[in-house]
Each structure stands twice: as C-alpha cells, then as structure tokens.
>>> print(open('coords.tsv').read())   # TSV, N, CA and C atoms
chain	number	residue	atom	x	y	z
A	1	MET	N	0.84	-1.17	0.00
A	1	MET	CA	0.00	0.00	0.00
A	1	MET	C	0.90	1.24	0.00
A	2	SER	N	0.65	2.12	-0.90
A	2	SER	CA	1.50	3.31	-0.99
A	2	SER	C	0.85	4.48	-0.28
A	3	HIS	N	1.69	5.30	0.28
A	3	HIS	CA	1.23	6.52	0.94
A	3	HIS	C	1.53	7.71	0.06
A	4	ILE	N	0.57	8.59	-0.04
A	4	ILE	CA	0.80	9.83	-0.77
A	4	ILE	C	0.84	10.94	0.27
A	5	SER	N	1.89	11.69	0.24
A	5	SER	CA	2.05	12.77	1.20
A	5	SER	C	1.05	13.89	0.89
A	6	ASN	N	0.52	14.51	1.94
A	6	ASN	CA	-0.38	15.64	1.77
A	6	ASN	C	0.32	16.84	1.16
A	7	ASN	N	1.62	16.87	1.25
A	7	ASN	CA	2.38	17.99	0.68
A	7	ASN	C	2.42	17.95	-0.84
A	8	THR	N	2.13	16.80	-1.43
A	8	THR	CA	2.19	16.72	-2.89
A	8	THR	C	0.91	17.23	-3.55
A	9	HIS	N	-0.16	17.39	-2.79
A	9	HIS	CA	-1.42	17.90	-3.34
A	9	HIS	C	-1.64	19.32	-2.86
A	10	LYS	N	-1.88	20.19	-3.77
A	10	LYS	CA	-2.17	21.57	-3.40
A	10	LYS	C	-3.68	21.75	-3.37
A	11	ASN	N	-4.14	22.52	-2.44
A	11	ASN	CA	-5.55	22.82	-2.34
A	11	ASN	C	-5.86	23.92	-3.35
A	12	THR	N	-6.53	23.56	-4.41
A	12	THR	CA	-6.89	24.54	-5.43
A	12	THR	C	-8.37	24.83	-5.31
A	13	THR	N	-8.68	26.02	-4.88
A	13	THR	CA	-10.06	26.46	-4.72
A	13	THR	C	-10.36	27.52	-5.75
A	14	LEU	N	-11.40	27.28	-6.51
A	14	LEU	CA	-11.84	28.26	-7.50
A	14	LEU	C	-12.65	29.32	-6.79
A	15	LYS	N	-12.20	30.55	-6.87
A	15	LYS	CA	-12.90	31.64	-6.21
A	15	LYS	C	-13.70	32.41	-7.26
A	16	VAL	N	-14.98	32.51	-7.03
A	16	VAL	CA	-15.85	33.24	-7.94
A	16	VAL	C	-16.45	34.40	-7.16
A	17	ASP	N	-16.14	35.61	-7.57
A	17	ASP	CA	-16.70	36.79	-6.92
A	17	ASP	C	-18.06	37.08	-7.53
A	18	THR	N	-19.05	37.27	-6.66
A	18	THR	CA	-20.39	37.58	-7.12
A	18	THR	C	-20.96	38.72	-6.29
A	19	PHE	N	-22.04	39.29	-6.79
A	19	PHE	CA	-22.80	40.26	-6.02
A	19	PHE	C	-24.28	40.06	-6.35
A	20	THR	N	-25.13	40.51	-5.45
A	20	THR	CA	-26.56	40.42	-5.67
A	20	THR	C	-27.02	41.75	-6.25
A	21	CYS	N	-27.74	41.69	-7.37
A	21	CYS	CA	-28.19	42.90	-8.05
A	21	CYS	C	-29.14	43.69	-7.16
A	22	ALA	N	-28.92	45.00	-7.07
A	22	ALA	CA	-29.76	45.89	-6.28
A	22	ALA	C	-31.10	46.15	-6.95
A	23	GLY	N	-31.20	45.84	-8.25
A	23	GLY	CA	-32.44	46.08	-8.97
A	23	GLY	C	-33.36	44.87	-9.04
A	24	CYS	N	-32.82	43.72	-9.48
A	24	CYS	CA	-33.66	42.54	-9.71
A	24	CYS	C	-33.35	41.36	-8.80
A	25	GLY	N	-32.27	41.44	-8.00
A	25	GLY	CA	-31.94	40.38	-7.07
A	25	GLY	C	-31.15	39.22	-7.66
A	26	LEU	N	-30.78	39.30	-8.93
A	26	LEU	CA	-30.01	38.25	-9.59
A	26	LEU	C	-28.61	38.16	-8.99
A	27	THR	N	-28.09	36.95	-8.82
A	27	THR	CA	-26.70	36.77	-8.39
A	27	THR	C	-25.82	36.88	-9.63
A	28	VAL	N	-24.89	37.83	-9.62
A	28	VAL	CA	-24.11	38.20	-10.79
A	28	VAL	C	-22.62	38.01	-10.53
A	29	SER	N	-21.91	37.45	-11.51
A	29	SER	CA	-20.45	37.33	-11.43
A	29	SER	C	-19.84	38.71	-11.65
A	30	THR	N	-18.76	39.00	-10.92
A	30	THR	CA	-18.09	40.29	-11.10
A	30	THR	C	-17.25	40.32	-12.37
A	31	PHE	N	-17.21	39.21	-13.10
A	31	PHE	CA	-16.48	39.17	-14.36
A	31	PHE	C	-17.45	38.94	-15.50
A	32	ALA	N	-17.34	39.75	-16.55
A	32	ALA	CA	-18.18	39.61	-17.74
A	32	ALA	C	-17.68	38.44	-18.56
A	33	ALA	N	-18.41	38.12	-19.61
A	33	ALA	CA	-18.06	36.98	-20.47
A	33	ALA	C	-16.65	37.09	-21.04
A	34	ALA	N	-16.23	38.29	-21.37
A	34	ALA	CA	-14.90	38.49	-21.96
A	34	ALA	C	-13.80	38.59	-20.90
A	35	GLY	N	-14.15	38.47	-19.62
A	35	GLY	CA	-13.16	38.52	-18.56
A	35	GLY	C	-12.97	39.89	-17.94
A	36	ALA	N	-13.64	40.91	-18.47
A	36	ALA	CA	-13.53	42.26	-17.92
A	36	ALA	C	-14.31	42.33	-16.60
A	37	ARG	N	-13.90	43.24	-15.71
A	37	ARG	CA	-14.62	43.43	-14.45
A	37	ARG	C	-15.99	44.04	-14.73
A	38	ARG	N	-16.99	43.55	-14.05
A	38	ARG	CA	-18.35	44.03	-14.22
A	38	ARG	C	-18.79	44.72	-12.93
A	39	ASN	N	-19.51	45.82	-13.07
A	39	ASN	CA	-20.03	46.50	-11.89
A	39	ASN	C	-21.54	46.62	-11.90
A	40	HIS	N	-22.19	46.06	-12.93
A	40	HIS	CA	-23.64	46.17	-13.02
A	40	HIS	C	-24.25	44.84	-13.46
A	41	CYS	N	-25.53	44.71	-13.23
A	41	CYS	CA	-26.26	43.49	-13.58
A	41	CYS	C	-26.42	43.40	-15.09
A	42	PRO	N	-26.10	42.27	-15.71
A	42	PRO	CA	-26.26	42.15	-17.15
A	42	PRO	C	-27.72	42.05	-17.58
A	43	SER	N	-28.61	41.77	-16.64
A	43	SER	CA	-30.02	41.63	-16.97
A	43	SER	C	-30.78	42.96	-16.92
A	44	CYS	N	-30.75	43.62	-15.76
A	44	CYS	CA	-31.51	44.88	-15.61
A	44	CYS	C	-30.63	46.12	-15.64
A	45	LEU	N	-29.30	45.94	-15.66
A	45	LEU	CA	-28.29	47.00	-15.78
A	45	LEU	C	-28.15	47.88	-14.54
A	46	HIS	N	-28.81	47.54	-13.42
A	46	HIS	CA	-28.65	48.32	-12.19
A	46	HIS	C	-27.31	47.99	-11.54
A	47	SER	N	-26.90	48.87	-10.62
A	47	SER	CA	-25.63	48.71	-9.93
A	47	SER	C	-25.80	49.17	-8.49
A	48	ARG	N	-24.73	49.14	-7.73
A	48	ARG	CA	-24.71	49.62	-6.35
A	48	ARG	C	-23.62	50.67	-6.25
A	49	HIS	N	-23.88	51.75	-5.51
A	49	HIS	CA	-22.93	52.85	-5.36
A	49	HIS	C	-21.86	52.47	-4.34
A	50	VAL	N	-20.77	51.86	-4.82
A	50	VAL	CA	-19.71	51.41	-3.92
A	50	VAL	C	-18.41	52.18	-4.11
A	51	SER	N	-18.28	52.94	-5.21
A	51	SER	CA	-17.06	53.73	-5.46
A	51	SER	C	-17.41	55.20	-5.50
A	52	ASP	N	-16.59	56.01	-4.84
A	52	ASP	CA	-16.76	57.46	-4.87
A	52	ASP	C	-15.96	57.99	-6.05
A	53	HIS	N	-16.64	58.35	-7.11
A	53	HIS	CA	-15.96	58.78	-8.33
A	53	HIS	C	-15.51	60.24	-8.26
A	54	VAL	N	-16.00	60.98	-7.30
A	54	VAL	CA	-15.58	62.38	-7.15
A	54	VAL	C	-14.27	62.45	-6.37
A	55	GLU	N	-14.21	61.78	-5.23
A	55	GLU	CA	-13.03	61.84	-4.37
A	55	GLU	C	-12.15	60.60	-4.46
A	56	GLY	N	-12.60	59.57	-5.16
A	56	GLY	CA	-11.85	58.32	-5.26
A	56	GLY	C	-12.05	57.48	-4.02
A	57	GLY	N	-11.76	56.20	-4.14
A	57	GLY	CA	-11.91	55.29	-3.02
A	57	GLY	C	-13.32	54.78	-2.88
A	58	PRO	N	-13.58	54.05	-1.80
A	58	PRO	CA	-14.92	53.47	-1.60
A	58	PRO	C	-15.94	54.53	-1.21
A	59	SER	N	-17.18	54.29	-1.56
A	59	SER	CA	-18.27	55.20	-1.20
A	59	SER	C	-18.99	54.67	0.02
A	60	GLN	N	-19.44	55.54	0.88
A	60	GLN	CA	-20.22	55.16	2.06
A	60	GLN	C	-21.71	55.13	1.74
A	61	CYS	N	-22.10	55.55	0.53
A	61	CYS	CA	-23.50	55.68	0.15
A	61	CYS	C	-24.21	54.33	0.02
A	62	HIS	N	-23.69	53.44	-0.82
A	62	HIS	CA	-24.25	52.12	-1.09
A	62	HIS	C	-25.68	52.16	-1.61
A	63	GLY	N	-26.07	53.31	-2.23
A	63	GLY	CA	-27.40	53.41	-2.82
A	63	GLY	C	-27.49	52.62	-4.12
A	64	ARG	N	-28.71	52.44	-4.61
A	64	ARG	CA	-28.92	51.73	-5.88
A	64	ARG	C	-28.63	52.69	-7.02
A	65	MET	N	-27.84	52.22	-7.98
A	65	MET	CA	-27.50	53.01	-9.15
A	65	MET	C	-28.42	52.59	-10.29
A	66	THR	N	-29.25	53.52	-10.76
A	66	THR	CA	-30.21	53.25	-11.82
A	66	THR	C	-29.60	53.62	-13.17
A	67	PRO	N	-29.71	52.74	-14.17
A	67	PRO	CA	-29.21	53.09	-15.50
A	67	PRO	C	-30.13	54.13	-16.12
A	68	ILE	N	-29.54	55.24	-16.59
A	68	ILE	CA	-30.38	56.32	-17.12
A	68	ILE	C	-30.10	56.65	-18.58
A	69	ALA	N	-28.91	56.28	-19.09
A	69	ALA	CA	-28.58	56.67	-20.46
A	69	ALA	C	-27.40	55.85	-20.98
A	70	ILE	N	-27.19	55.99	-22.28
A	70	ILE	CA	-26.05	55.41	-22.97
A	70	ILE	C	-25.25	56.57	-23.55
A	71	ALA	N	-23.95	56.52	-23.39
A	71	ALA	CA	-23.05	57.50	-24.02
A	71	ALA	C	-22.15	56.73	-24.97
A	72	VAL	N	-21.87	57.32	-26.12
A	72	VAL	CA	-21.00	56.68	-27.10
A	72	VAL	C	-19.72	57.51	-27.19
A	73	LEU	N	-18.59	56.88	-26.92
A	73	LEU	CA	-17.29	57.55	-26.97
A	73	LEU	C	-16.82	57.72	-28.41
A	74	ARG	N	-15.81	58.52	-28.61
A	74	ARG	CA	-15.23	58.70	-29.95
A	74	ARG	C	-14.70	57.40	-30.53
A	75	THR	N	-14.35	56.48	-29.66
A	75	THR	CA	-13.85	55.16	-30.09
A	75	THR	C	-14.99	54.23	-30.49
A	76	ALA	N	-16.23	54.71	-30.40
A	76	ALA	CA	-17.45	53.95	-30.68
A	76	ALA	C	-17.80	52.98	-29.57
A	77	ASP	N	-17.08	52.99	-28.45
A	77	ASP	CA	-17.42	52.17	-27.29
A	77	ASP	C	-18.63	52.79	-26.58
A	78	TRP	N	-19.53	51.93	-26.12
A	78	TRP	CA	-20.70	52.40	-25.39
A	78	TRP	C	-20.42	52.40	-23.90
A	79	MET	N	-20.89	53.43	-23.23
A	79	MET	CA	-20.78	53.56	-21.78
A	79	MET	C	-22.18	53.62	-21.18
A	80	LEU	N	-22.36	52.94	-20.07
A	80	LEU	CA	-23.62	52.94	-19.36
A	80	LEU	C	-23.56	54.03	-18.29
A	81	ILE	N	-24.53	54.94	-18.30
A	81	ILE	CA	-24.58	56.03	-17.33
A	81	ILE	C	-25.57	55.66	-16.23
A	82	HIS	N	-25.11	55.74	-14.98
A	82	HIS	CA	-25.94	55.44	-13.81
A	82	HIS	C	-26.12	56.70	-12.97
A	83	ARG	N	-27.26	56.78	-12.29
A	83	ARG	CA	-27.49	57.83	-11.28
A	83	ARG	C	-27.88	57.15	-9.98
A	84	CYS	N	-27.24	57.56	-8.90
A	84	CYS	CA	-27.54	57.01	-7.58
A	84	CYS	C	-28.88	57.56	-7.10
A	85	VAL	N	-29.78	56.67	-6.66
A	85	VAL	CA	-31.09	57.11	-6.19
A	85	VAL	C	-31.00	57.77	-4.81
A	86	ARG	N	-29.89	57.58	-4.10
A	86	ARG	CA	-29.74	58.16	-2.77
A	86	ARG	C	-29.05	59.53	-2.82
A	87	CYS	N	-27.93	59.64	-3.54
A	87	CYS	CA	-27.16	60.90	-3.50
A	87	CYS	C	-27.06	61.61	-4.86
A	88	ASP	N	-27.65	61.05	-5.92
A	88	ASP	CA	-27.69	61.64	-7.27
A	88	ASP	C	-26.35	61.68	-7.99
A	89	GLU	N	-25.30	61.02	-7.48
A	89	GLU	CA	-24.02	61.01	-8.19
A	89	GLU	C	-24.18	60.26	-9.51
A	90	LEU	N	-23.54	60.76	-10.56
A	90	LEU	CA	-23.54	60.12	-11.87
A	90	LEU	C	-22.23	59.37	-12.07
A	91	THR	N	-22.31	58.19	-12.69
A	91	THR	CA	-21.12	57.42	-13.01
A	91	THR	C	-21.26	56.86	-14.41
A	92	SER	N	-20.15	56.47	-14.99
A	92	SER	CA	-20.17	55.80	-16.30
A	92	SER	C	-19.26	54.59	-16.25
A	93	HIS	N	-19.71	53.51	-16.89
A	93	HIS	CA	-18.96	52.27	-16.95
A	93	HIS	C	-19.17	51.64	-18.31
A	94	PRO	N	-18.18	50.93	-18.82
A	94	PRO	CA	-18.31	50.30	-20.14
A	94	PRO	C	-19.44	49.27	-20.18
A	95	VAL	N	-20.12	49.23	-21.30
A	95	VAL	CA	-21.12	48.20	-21.55
A	95	VAL	C	-20.38	46.89	-21.77
A	96	CYS	N	-20.90	45.80	-21.24
A	96	CYS	CA	-20.31	44.47	-21.41
A	96	CYS	C	-21.00	43.74	-22.55
A	97	ALA	N	-20.28	42.84	-23.18
A	97	ALA	CA	-20.80	42.13	-24.35
A	97	ALA	C	-22.03	41.30	-24.03
A	98	ASP	N	-22.17	40.84	-22.79
A	98	ASP	CA	-23.32	40.01	-22.44
A	98	ASP	C	-24.44	40.77	-21.73
A	99	ASP	N	-24.40	42.12	-21.79
A	99	ASP	CA	-25.48	42.92	-21.21
A	99	ASP	C	-26.76	42.75	-22.03
A	100	ASN	N	-27.88	42.97	-21.38
A	100	ASN	CA	-29.20	42.84	-22.00
A	100	ASN	C	-29.32	43.85	-23.16
A	101	GLN	N	-29.29	43.32	-24.38
A	101	GLN	CA	-29.27	44.18	-25.57
A	101	GLN	C	-30.57	44.95	-25.74
A	102	LEU	N	-31.70	44.36	-25.35
A	102	LEU	CA	-32.97	45.06	-25.46
A	102	LEU	C	-33.01	46.27	-24.53
A	103	MET	N	-32.53	46.10	-23.30
A	103	MET	CA	-32.48	47.23	-22.35
A	103	MET	C	-31.55	48.33	-22.86
A	104	LEU	N	-30.40	47.94	-23.42
A	104	LEU	CA	-29.46	48.93	-23.94
A	104	LEU	C	-30.08	49.72	-25.09
A	105	MET	N	-30.76	49.03	-26.01
A	105	MET	CA	-31.37	49.72	-27.16
A	105	MET	C	-32.51	50.62	-26.71
A	106	ARG	N	-33.29	50.19	-25.73
A	106	ARG	CA	-34.36	51.05	-25.22
A	106	ARG	C	-33.81	52.36	-24.68
A	107	MET	N	-32.69	52.28	-23.94
A	107	MET	CA	-32.08	53.50	-23.42
A	107	MET	C	-31.49	54.36	-24.53
A	108	ALA	N	-30.90	53.72	-25.52
A	108	ALA	CA	-30.25	54.45	-26.61
A	108	ALA	C	-31.26	55.23	-27.46
A	109	VAL	N	-32.45	54.67	-27.67
A	109	VAL	CA	-33.44	55.34	-28.54
A	109	VAL	C	-34.43	56.20	-27.76
A	110	ARG	N	-34.41	56.13	-26.43
A	110	ARG	CA	-35.35	56.92	-25.64
A	110	ARG	C	-35.35	58.41	-25.99
A	111	PRO	N	-34.21	59.05	-26.18
A	111	PRO	CA	-34.26	60.48	-26.54
A	111	PRO	C	-34.98	60.74	-27.87
A	112	LEU	N	-34.92	59.79	-28.79
A	112	LEU	CA	-35.63	59.96	-30.06
A	112	LEU	C	-37.11	59.64	-29.92
A	113	ALA	N	-37.44	58.67	-29.10
A	113	ALA	CA	-38.83	58.28	-28.91
A	113	ALA	C	-39.59	59.24	-28.01
A	114	GLN	N	-38.88	59.89	-27.10
A	114	GLN	CA	-39.50	60.83	-26.16
A	114	GLN	C	-38.71	62.14	-26.13
A	115	PRO	N	-38.76	62.92	-27.22
A	115	PRO	CA	-37.99	64.17	-27.24
A	115	PRO	C	-38.55	65.18	-26.23
A	116	PRO	N	-37.71	66.12	-25.78
A	116	PRO	CA	-38.14	67.10	-24.78
A	116	PRO	C	-38.95	68.25	-25.39
A	117	PHE	N	-39.39	68.10	-26.63
A	117	PHE	CA	-40.18	69.12	-27.32
A	117	PHE	C	-41.23	68.40	-28.16
A	118	PRO	N	-42.31	69.08	-28.53
A	118	PRO	CA	-43.32	68.42	-29.36
A	118	PRO	C	-42.80	68.19	-30.77
A	119	LEU	N	-43.02	66.98	-31.28
A	119	LEU	CA	-42.55	66.65	-32.63
A	119	LEU	C	-43.19	67.52	-33.69
A	120	GLU	N	-44.37	68.05	-33.42
A	120	GLU	CA	-45.04	68.94	-34.38
A	120	GLU	C	-44.22	70.19	-34.67
A	121	ALA	N	-43.36	70.58	-33.73
A	121	ALA	CA	-42.51	71.76	-33.92
A	121	ALA	C	-41.55	71.59	-35.07
A	122	LEU	N	-41.20	70.34	-35.41
A	122	LEU	CA	-40.28	70.09	-36.52
A	122	LEU	C	-40.91	70.46	-37.86
A	123	GLY	N	-42.23	70.37	-37.96
A	123	GLY	CA	-42.90	70.69	-39.22
A	123	GLY	C	-42.80	72.16	-39.60
A	124	SER	N	-42.62	73.04	-38.61
A	124	SER	CA	-42.55	74.47	-38.90
A	124	SER	C	-41.14	74.97	-39.17
A	125	LEU	N	-40.17	74.08	-39.17
A	125	LEU	CA	-38.78	74.50	-39.41
A	125	LEU	C	-38.48	74.62	-40.86
>>> encode(input="coords.tsv", output="structure tokens")
Amino acid sequence: MSHISNNTHKNTTLKVDTFTCAGCGLTVSTFAAAGARRNHCPSCLHSRHVSDHVEGGPSQCHGRMTPIAIAVLRTADWMLIHRCVRCDELTSHPVCADDNQLMLMRMAVRPLAQPPFPLEALGSL
C-alpha cells in the first residue's frame, strides 16, 4: 500500500466573486463573459454605489445606481450612465458584451422616442 504525502497535493479552490443585483436580485459574477470586471447586472443593468468617483476610493452611500442613459465615446465604445437614487451622483462604466441588448437599445433610442419638445414643432422649421 503506498502513501501519498499531503504535501504533494495543493488545495486549489476556484474563487468566484459575485454580487446580488440591487435592482432585480439576480446573483451576478463580477467578471463579464470576456473577462472584464463588471459592476452592473447584465439583466436589468442596475448597480450599487460602492465607489466614490468624485473623491476616489470606496463610497459610504451604497445606494442603488439606476441606468439612465447610454453614451458613445469617440472610439465607438458604449458607456452605461448610472445615477444614484440616494445621492444623485452620476457614473459611467463600459457596456459588457453580455449585457441585455434590449435594455441597452431602449435607453439608446429613448431620446428619439420621447424628445423634450413636441414633434409637431419640426414641421414648422
């Protein structure tokens, strides 16, 4: 009978970082499909206010960050704009490849579908 020393086996534990979505309650991996860090839910796009983007470092707010808009950079990369429901701070984070495409498109076309002026005004131009 052979003995195998415990020193020859390393304990390999796979660590998966997750968070619970503040909007829909989904358990979400902190890594997107492409391996990039994720800070928002891929389903409902909500986030949690954990970083202070004005002063840097962690935020004490921990309010729910609601997705309010899409911004397109000069590089054609899309950014998701969030507003904190508790302190009104605005943040931007890259859109991930596995984010809910229907939700993203709804936000992107909202300014065209609901302009801040009556569409009839365009006829008089």
>>> closest_residue(input="coords.tsv", among="A:Ala121, A:Pro58, A:His82, A:Leu45", to="Leu104 (chain A)", atoms="all atoms listed in the file")
A:Leu45
>>> select_by_dssp(input="coords.tsv", residues="region 37-76 of chain A", states="strand (DSSP E)", output="mmCIF file with N, CA and C atoms, in the coordinates of the input")
data_model
loop_
_atom_site.group_PDB
_atom_site.id
_atom_site.type_symbol
_atom_site.label_atom_id
_atom_site.label_comp_id
_atom_site.auth_asym_id
_atom_site.auth_seq_id
_atom_site.Cartn_x
_atom_site.Cartn_y
_atom_site.Cartn_z
ATOM 1 N N SER A 47 -26.900 48.870 -10.620
ATOM 2 C CA SER A 47 -25.630 48.710 -9.930
ATOM 3 C C SER A 47 -25.800 49.170 -8.490
ATOM 4 N N ARG A 48 -24.730 49.140 -7.730
ATOM 5 C CA ARG A 48 -24.710 49.620 -6.350
ATOM 6 C C ARG A 48 -23.620 50.670 -6.250
ATOM 7 N N ARG A 64 -28.710 52.440 -4.610
ATOM 8 C CA ARG A 64 -28.920 51.730 -5.880
ATOM 9 C C ARG A 64 -28.630 52.690 -7.020
ATOM 10 N N MET A 65 -27.840 52.220 -7.980
ATOM 11 C CA MET A 65 -27.500 53.010 -9.150
ATOM 12 C C MET A 65 -28.420 52.590 -10.290
ATOM 13 N N THR A 66 -29.250 53.520 -10.760
ATOM 14 C CA THR A 66 -30.210 53.250 -11.820
ATOM 15 C C THR A 66 -29.600 53.620 -13.170
ATOM 16 N N PRO A 67 -29.710 52.740 -14.170
ATOM 17 C CA PRO A 67 -29.210 53.090 -15.500
ATOM 18 C C PRO A 67 -30.130 54.130 -16.120
ATOM 19 N N ILE A 68 -29.540 55.240 -16.590
ATOM 20 C CA ILE A 68 -30.380 56.320 -17.120
ATOM 21 C C ILE A 68 -30.100 56.650 -18.580
ATOM 22 N N ALA A 69 -28.910 56.280 -19.090
ATOM 23 C CA ALA A 69 -28.580 56.670 -20.460
ATOM 24 C C ALA A 69 -27.400 55.850 -20.980
ATOM 25 N N ILE A 70 -27.190 55.990 -22.280
ATOM 26 C CA ILE A 70 -26.050 55.410 -22.970
ATOM 27 C C ILE A 70 -25.250 56.570 -23.550
ATOM 28 N N ALA A 71 -23.950 56.520 -23.390
ATOM 29 C CA ALA A 71 -23.050 57.500 -24.020
ATOM 30 C C ALA A 71 -22.150 56.730 -24.970
ATOM 31 N N VAL A 72 -21.870 57.320 -26.120
ATOM 32 C CA VAL A 72 -21.000 56.680 -27.100
ATOM 33 C C VAL A 72 -19.720 57.510 -27.190
#
>>> closest_residue(input="coords.tsv", among="A:Gln114, A:Ser47, A:Gln60, A:Thr27", to="Arg83 (chain A)", atoms="only C-alpha atoms")
A:Ser47
>>> atom_distance(input="coords.tsv", atom1="atom C of Pro67 (chain A)", atom2="atom C of Ala33 (chain A)")
22.3 Å
>>> atom_distance(input="coords.tsv", atom1="atom C of Arg106 (chain A)", atom2="CA of Leu125 (chain A)")
27.1 Å
>>> closest_residue(input="coords.tsv", among="A:Cys24, A:Leu122, A:Val109, A:Cys84", to="Arg48 (chain A)", atoms="only C-alpha atoms")
A:Cys84
>>> residues_around(input="coords.tsv", residues="Pro42 (chain A)", least_positions_apart="5", cutoff="8 Å", atoms="only N, CA and C atoms", output="list in words")
Cys21, Val28, Ser29, Cys96, Asp98, Asp99, Asn100 and Gln101 of chain A
>>> atom_distance(input="coords.tsv", atom1="atom C of Thr66 (chain A)", atom2="CA of Leu119 (chain A)")
26.8 Å
>>> residues_around(input="coords.tsv", residues="Ala34 (chain A)", least_positions_apart="2", cutoff="10 Å", atoms="only C-alpha atoms", output="ChimeraX atom specification")
/A:31-32,36-37,96-98
>>> closest_residue(input="coords.tsv", among="A:Phe19, A:Cys44, A:Gly35, A:Ile81", to="Ala69 (chain A)", atoms="all atoms listed in the file")
A:Ile81
>>> select_by_dssp(input="coords.tsv", residues="chain A", states="helix (DSSP H, G or I)", output="ChimeraX atom specification")
/A:6-8,101-113,119-124
>>> closest_residue(input="coords.tsv", among="A:Thr30, A:Met103, A:His46, A:Val85", to="Cys61 (chain A)", atoms="only C-alpha atoms")
A:Val85
>>> residues_around(input="coords.tsv", residues="His93 (chain A)", least_positions_apart="6", cutoff="6 Å", atoms="all atoms listed in the file", output="PyMOL selection string")
chain A and resi 78-81
>>> build_atoms(input="coords.tsv", residues="region 43-54 of chain A", atoms="N, CA, C and O atoms", output="mmCIF file, keeping the file's coordinate frame")
data_model
loop_
_atom_site.group_PDB
_atom_site.id
_atom_site.type_symbol
_atom_site.label_atom_id
_atom_site.label_comp_id
_atom_site.auth_asym_id
_atom_site.auth_seq_id
_atom_site.Cartn_x
_atom_site.Cartn_y
_atom_site.Cartn_z
ATOM 1 N N SER A 43 -28.610 41.770 -16.640
ATOM 2 C CA SER A 43 -30.020 41.630 -16.970
ATOM 3 C C SER A 43 -30.780 42.960 -16.920
ATOM 4 O O SER A 43 -31.339 43.394 -17.905
ATOM 5 N N CYS A 44 -30.750 43.620 -15.760
ATOM 6 C CA CYS A 44 -31.510 44.880 -15.610
ATOM 7 C C CYS A 44 -30.630 46.120 -15.640
ATOM 8 O O CYS A 44 -31.132 47.243 -15.635
ATOM 9 N N LEU A 45 -29.300 45.940 -15.660
ATOM 10 C CA LEU A 45 -28.290 47.000 -15.780
ATOM 11 C C LEU A 45 -28.150 47.880 -14.540
ATOM 12 O O LEU A 45 -27.420 48.859 -14.569
ATOM 13 N N HIS A 46 -28.810 47.540 -13.420
ATOM 14 C CA HIS A 46 -28.650 48.320 -12.190
ATOM 15 C C HIS A 46 -27.310 47.990 -11.540
ATOM 16 O O HIS A 46 -26.689 46.974 -11.829
ATOM 17 N N SER A 47 -26.900 48.870 -10.620
ATOM 18 C CA SER A 47 -25.630 48.710 -9.930
ATOM 19 C C SER A 47 -25.800 49.170 -8.490
ATOM 20 O O SER A 47 -26.889 49.564 -8.083
ATOM 21 N N ARG A 48 -24.730 49.140 -7.730
ATOM 22 C CA ARG A 48 -24.710 49.620 -6.350
ATOM 23 C C ARG A 48 -23.620 50.670 -6.250
ATOM 24 O O ARG A 48 -22.546 50.526 -6.825
ATOM 25 N N HIS A 49 -23.880 51.750 -5.510
ATOM 26 C CA HIS A 49 -22.930 52.850 -5.360
ATOM 27 C C HIS A 49 -21.860 52.470 -4.340
ATOM 28 O O HIS A 49 -22.017 52.687 -3.147
ATOM 29 N N VAL A 50 -20.770 51.860 -4.820
ATOM 30 C CA VAL A 50 -19.710 51.410 -3.920
ATOM 31 C C VAL A 50 -18.410 52.180 -4.110
ATOM 32 O O VAL A 50 -17.534 52.116 -3.274
ATOM 33 N N SER A 51 -18.280 52.940 -5.210
ATOM 34 C CA SER A 51 -17.060 53.730 -5.460
ATOM 35 C C SER A 51 -17.410 55.200 -5.500
ATOM 36 O O SER A 51 -18.389 55.599 -6.117
ATOM 37 N N ASP A 52 -16.590 56.010 -4.840
ATOM 38 C CA ASP A 52 -16.760 57.460 -4.870
ATOM 39 C C ASP A 52 -15.960 57.990 -6.050
ATOM 40 O O ASP A 52 -14.740 58.065 -5.991
ATOM 41 N N HIS A 53 -16.640 58.350 -7.110
ATOM 42 C CA HIS A 53 -15.960 58.780 -8.330
ATOM 43 C C HIS A 53 -15.510 60.240 -8.260
ATOM 44 O O HIS A 53 -14.734 60.679 -9.086
ATOM 45 N N VAL A 54 -16.000 60.980 -7.300
ATOM 46 C CA VAL A 54 -15.580 62.380 -7.150
ATOM 47 C C VAL A 54 -14.270 62.450 -6.370
ATOM 48 O O VAL A 54 -13.320 63.094 -6.798
#
